[in-house]
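See below for query_26.txt, which holds compact mmCIF, C-alpha atoms.
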# COMPACT_ATOMS: atom_id res chain seq x y z
CA THR A 1 96.52 74.98 117.09
CA ALA A 2 100.30 75.29 117.16
CA GLN A 3 101.67 77.08 120.23
CA THR A 4 104.95 78.91 120.80
CA ALA A 5 107.54 78.14 123.47
CA GLY A 6 107.47 80.80 126.16
CA ILE A 7 104.02 82.14 125.25
CA GLY A 8 101.04 81.16 127.35
CA TYR A 9 97.76 79.84 126.06
CA THR A 10 94.55 78.70 127.75
CA VAL A 11 92.74 75.39 127.95
CA THR A 12 89.17 74.91 129.08
CA VAL A 13 88.26 71.93 131.25
CA ASN A 14 84.66 70.72 131.30
CA ALA A 15 83.19 68.04 133.57
CA VAL A 16 80.90 65.94 131.39
CA ASP A 17 78.78 62.81 131.67
CA ALA A 18 78.99 59.76 129.42
CA TYR A 19 77.02 61.69 126.74
CA TRP A 20 79.31 64.75 126.86
CA ASN A 21 76.72 66.83 128.71
CA LEU A 22 78.20 69.43 131.10
CA ILE A 23 77.92 68.42 134.78
CA ALA A 24 77.58 71.28 137.27
CA THR A 25 80.34 70.37 139.71
CA ASN A 26 82.95 72.36 141.63
CA ASP A 27 85.53 69.57 141.86
CA THR A 28 89.19 70.65 141.97
CA THR A 29 91.19 70.04 138.81
CA HIS A 30 94.92 69.34 138.39
CA ILE A 31 96.73 70.10 135.10
CA THR A 32 99.88 68.29 133.90
CA SER A 33 101.82 68.36 130.64
CA SER A 34 104.16 66.02 128.81
CA ASP A 35 106.43 69.10 128.55
CA ALA A 36 108.42 68.71 131.77
CA ASN A 37 109.47 72.39 131.57
CA ALA A 38 106.00 73.84 131.02
CA VAL A 39 104.70 76.48 133.42
CA LEU A 40 101.48 75.00 134.79
CA PRO A 41 98.62 76.48 136.81
CA ALA A 42 97.85 75.69 140.43
CA ASP A 43 95.04 73.24 141.14
CA ALA A 44 91.69 75.04 141.01
CA PRO A 45 88.00 74.22 141.37
CA LEU A 46 85.63 74.08 138.44
CA SER A 47 82.78 76.56 138.51
CA GLY A 48 79.52 75.01 137.38
CA GLY A 49 81.53 72.22 135.77
CA THR A 50 84.00 74.35 133.78
CA ALA A 51 87.23 76.29 134.22
CA THR A 52 89.93 77.88 132.08
CA PHE A 53 93.61 77.31 132.87
CA GLY A 54 96.73 79.06 131.57
CA ILE A 55 99.69 76.97 130.39
CA THR A 56 103.07 78.14 129.06
CA PRO A 57 104.98 75.53 127.03
CA MET A 58 108.77 75.82 127.24
CA THR A 59 109.92 72.98 124.97
CA ALA A 60 109.53 72.96 121.19
CA GLY A 61 108.13 69.77 119.67
CA SER A 62 104.96 67.88 120.48
CA THR A 63 103.23 67.97 123.86
CA THR A 64 99.97 67.00 125.53
CA VAL A 65 97.99 68.40 128.45
CA THR A 66 96.12 66.24 130.96
CA ALA A 67 93.34 67.31 133.33
CA SER A 68 92.58 65.15 136.35
CA ASN A 69 90.05 65.37 139.17
CA VAL A 70 91.70 65.96 142.57
CA THR A 71 88.44 65.88 144.52
CA ASN A 72 87.36 62.53 143.11
CA PRO A 73 90.38 60.61 141.70
CA ALA A 74 88.08 57.78 140.53
CA ILE A 75 86.84 60.08 137.74
CA LEU A 76 88.88 59.47 134.61
CA SER A 77 91.41 62.10 133.60
CA ASP A 78 91.51 63.30 130.02
CA THR A 79 94.51 64.06 127.82
CA SER A 80 94.50 66.45 124.89
CA SER A 81 95.53 65.47 121.41
CA ALA A 82 99.12 66.32 120.44
CA ILE A 83 99.89 70.04 120.50
CA THR A 84 102.71 71.31 118.30
CA VAL A 85 105.01 73.80 120.03
CA ILE A 86 107.29 75.89 117.81
CA LYS A 87 110.48 77.68 118.87
CA GLY A 88 109.94 80.87 120.80
CA ASP A 89 111.45 84.27 120.10
CA GLN A 90 113.74 85.85 122.67
CA THR A 91 115.13 89.29 123.34
CA ILE A 92 118.29 90.57 125.00
CA CYS A 93 118.38 93.26 127.67
CA PHE A 94 121.81 94.97 127.60
CA GLY A 95 122.00 98.39 129.26
CA ALA A 96 124.15 101.36 128.29
CA LEU A 97 127.83 101.29 129.17
CA ALA A 98 129.50 104.23 130.97
CA ASP A 99 132.43 106.05 129.41
CA LYS A 100 135.87 105.10 130.71
CA THR A 101 139.34 106.60 130.93
CA TYR A 102 142.45 104.99 129.51
CA GLY A 103 144.15 103.20 132.40
CA ASP A 104 140.87 102.22 134.13
CA ALA A 105 140.77 98.68 135.49
CA PRO A 106 139.00 95.94 133.49
CA PHE A 107 135.25 95.93 134.11
CA GLY A 108 132.37 93.49 133.75
CA VAL A 109 129.38 93.69 131.42
CA ASN A 110 126.03 92.03 131.98
CA ALA A 111 123.04 91.20 129.79
CA THR A 112 120.11 88.81 130.05
CA ALA A 113 118.05 86.92 127.48
CA SER A 114 114.30 86.60 127.98
CA SER A 115 114.76 82.85 127.43
CA ALA A 116 117.20 82.71 130.41
CA LEU A 117 119.83 81.24 128.06
CA PRO A 118 123.38 82.61 128.54
CA VAL A 119 124.41 85.74 126.62
CA THR A 120 127.85 86.02 125.00
CA PHE A 121 129.82 89.20 124.36
CA SER A 122 132.26 90.39 121.72
CA VAL A 123 134.05 93.64 120.92
CA LEU A 124 132.92 94.73 117.45
CA SER A 125 135.24 97.70 117.21
CA GLY A 126 137.50 99.93 119.22
CA PRO A 127 140.43 99.70 121.60
CA ALA A 128 139.32 96.92 123.94
CA THR A 129 139.31 93.16 124.36
CA ILE A 130 136.80 90.95 126.09
CA ASP A 131 137.24 87.69 127.97
CA GLY A 132 133.89 86.22 128.96
CA THR A 133 132.18 89.23 130.54
CA ASN A 134 135.33 91.24 131.40
CA VAL A 135 136.33 94.16 129.17
CA THR A 136 139.94 95.35 129.13
CA ILE A 137 140.70 98.80 127.68
CA THR A 138 143.69 98.89 125.32
CA GLY A 139 143.61 102.49 124.03
CA THR A 140 141.43 105.57 123.53
CA GLY A 141 138.42 105.96 121.25
CA THR A 142 134.96 104.48 120.85
CA VAL A 143 134.37 100.83 121.76
CA THR A 144 131.32 98.86 120.63
CA VAL A 145 130.41 95.71 122.57
CA ARG A 146 127.87 93.21 121.18
CA ALA A 147 125.62 90.96 123.30
CA SER A 148 124.27 87.91 121.46
CA GLN A 149 122.33 84.71 122.10
CA PRO A 150 122.25 82.13 119.26
CA GLY A 151 119.20 80.21 120.47
CA ASP A 152 118.81 76.47 120.94
CA ALA A 153 116.31 73.70 120.20
CA ASN A 154 113.52 75.69 121.92
CA TRP A 155 114.44 79.32 121.16
CA ASN A 156 115.20 81.27 117.98
CA ALA A 157 118.35 83.37 117.94
CA ALA A 158 117.89 86.75 119.60
CA THR A 159 118.59 89.98 117.75
CA SER A 160 122.02 91.10 118.94
CA VAL A 161 122.27 94.29 120.98
CA ASP A 162 125.24 96.65 120.64
CA GLN A 163 126.33 99.20 123.23
CA ALA A 164 129.10 101.76 122.68
CA PHE A 165 131.20 103.74 125.14
CA THR A 166 134.07 106.16 124.82
CA VAL A 167 137.51 105.66 126.30
CA LEU A 168 138.90 109.11 127.16
CA GLN A 169 142.57 110.00 127.36
CA ALA A 170 144.10 109.84 130.81
CA ALA A 171 145.28 113.12 132.31
CA LEU A 172 148.99 113.59 131.90
CA THR A 173 150.82 114.84 134.98
CA VAL A 174 154.28 116.34 134.61
CA THR A 175 156.49 116.75 137.67
CA ALA A 176 159.68 118.82 137.58
CA ASP A 177 162.79 117.28 139.08
CA ASP A 178 163.67 120.56 140.88
CA GLN A 179 167.39 120.35 140.28
CA SER A 180 169.52 123.44 140.09
CA ARG A 181 172.53 124.09 138.01
CA ALA A 182 175.50 126.05 139.13
Render the structure in this file as structure tokens.
Amino acid sequence: TAQTAGIGYTVTVNAVDAYWNLIATNDTTHITSSDANAVLPADAPLSGGTATFGITPMTAGSTTVTASNVTNPAILSDTSSAITVIKGDQTICFGALADKTYGDAPFGVNATASSALPVTFSVLSGPATIDGTNVTITGTGTVTVRASQPGDANWNAATSVDQAFTVLQAALTVTADDQSRA
């Protein structure tokens, strides 16, 4: 069955004899994958000759899983048939932005993608510019900042997340010169 990058699935390991009959053993099993980035389980003992292990593939394409006997390395390991791994979906976490006042110093924005790929930012509208993750206010009004992640060979593009904030007018202070006229 096809699997999805970033989503775990289970495999069952059975200790069998030459006739594929289950052998009641508690030998420790080690799981590997041809996907070098896969999240693999810790070595664990079989219970009555069987155990279920969780694996999370992280690379789209074709992969295999191999189970080997740690307790008795002379017992042959077994490798699965090819498993197709499709691109995974990802999401972006981009929190609300606080309102600002015209004249405030540039400030940083931060967002993360569930894939751990880098997120990029752009100003969709309003009086501001962005350079990398630093927003510079250029006037008053509502600013909308977009966080996006286009995906890669293993991850589909994430749905962009927009956050808006308001840039308020700065308080105007007037000081009299206190000059007199004769």
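When only C-alpha atoms are used to measure the gap to Asp99 of chain A, the shortest distance among A:Tyr19, A:Phe53, A:Phe121, A:Phe165 belongs to A:Phe165.
Among the candidates A:Ile55, A:Ile92, A:Ala171, A:Ile75, the residue lying nearest to Ala116 of chain A is A:Ile92 (atoms considered: all atoms listed in the file).
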Point (135.4, 100.4, 119.3) neighbourhood (8 Å, only C-alpha atoms) written as a compact mmCIF listing (two decimals) with C-alpha atoms, keeping the file's coordinate frame:
# COMPACT_ATOMS: atom_id res chain seq x y z
CA VAL A 123 134.05 93.64 120.92
CA LEU A 124 132.92 94.73 117.45
CA SER A 125 135.24 97.70 117.21
CA GLY A 126 137.50 99.93 119.22
CA PRO A 127 140.43 99.70 121.60
CA ALA A 128 139.32 96.92 123.94
CA GLY A 141 138.42 105.96 121.25
CA THR A 142 134.96 104.48 120.85
CA VAL A 143 134.37 100.83 121.76
CA THR A 144 131.32 98.86 120.63
CA VAL A 145 130.41 95.71 122.57
CA ALA A 164 129.10 101.76 122.68
CA PHE A 165 131.20 103.74 125.14
If we count only C-alpha atoms and set the cut-off at 8 Å, which residues sit around Ser148 of chain A, ignoring sequence neighbours fewer than 6 positions away in its own chain? Please answer as an mmCIF file with C-alpha atoms, in the frame of the given file.
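Result file is result.cif:
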data_model
loop_
_atom_site.group_PDB
_atom_site.id
_atom_site.type_symbol
_atom_site.label_atom_id
_atom_site.label_comp_id
_atom_site.auth_asym_id
_atom_site.auth_seq_id
_atom_site.Cartn_x
_atom_site.Cartn_y
_atom_site.Cartn_z
ATOM 1 C CA ILE A 92 118.290 90.570 125.000
ATOM 2 C CA VAL A 119 124.410 85.740 126.620
ATOM 3 C CA THR A 120 127.850 86.020 125.000
ATOM 4 C CA PHE A 121 129.820 89.200 124.360
ATOM 5 C CA ALA A 158 117.890 86.750 119.600
ATOM 6 C CA THR A 159 118.590 89.980 117.750
ATOM 7 C CA SER A 160 122.020 91.100 118.940
ATOM 8 C CA VAL A 161 122.270 94.290 120.980
#
As a check of understanding: the span from atom CA of Ala98 of chain A to atom CA of Asp162 of chain A is 13.5 Å
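With all atoms listed in the file as the atoms that count, the residue of A:Leu40, A:Ile83, A:Ile23, A:Ala147 with the shortest distance to Thr1 of chain A is A:Ile83.
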Spatial neighbours of Ala2 of chain A, max dist 12 Å, all atoms listed in the file, sep filter under 5 positions, as a list in words: Ile7, Gly8, Tyr9, Pro57, Ala60, Gly61, Ser62, Thr63, Thr64, Ser81, Ala82, Ile83, Thr84, Val85, Ile86, Lys87 and Gly88 of chain A
Please report, as JSON, the centre and edge lengths in Å to one decimal of an axis-aligned box covering all listed atoms of segment 94-98 of chain A with 4 Å per side.
{"center_x": 125.7, "center_y": 99.6, "center_z": 129.3, "size_x": 15.7, "size_y": 17.3, "size_z": 11.4}
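Selecting by distance to (90.2, 68.0, 138.7) with a limit of 6 Å and using only C-alpha atoms, one obtains A:Asp27, A:Thr28, A:Thr29, A:His30, A:Ser68, A:Asn69, A:Val70.
Closest approach to Gly54 of chain A from the set A:Thr173, A:Gly103, A:Pro41, A:Thr25 is made by A:Pro41, with distances taken over all atoms listed in the file.
When atom CA of Gly108 of chain A is paired with atom CA of Ala157 of chain A, their separation reads 23.4 Å.
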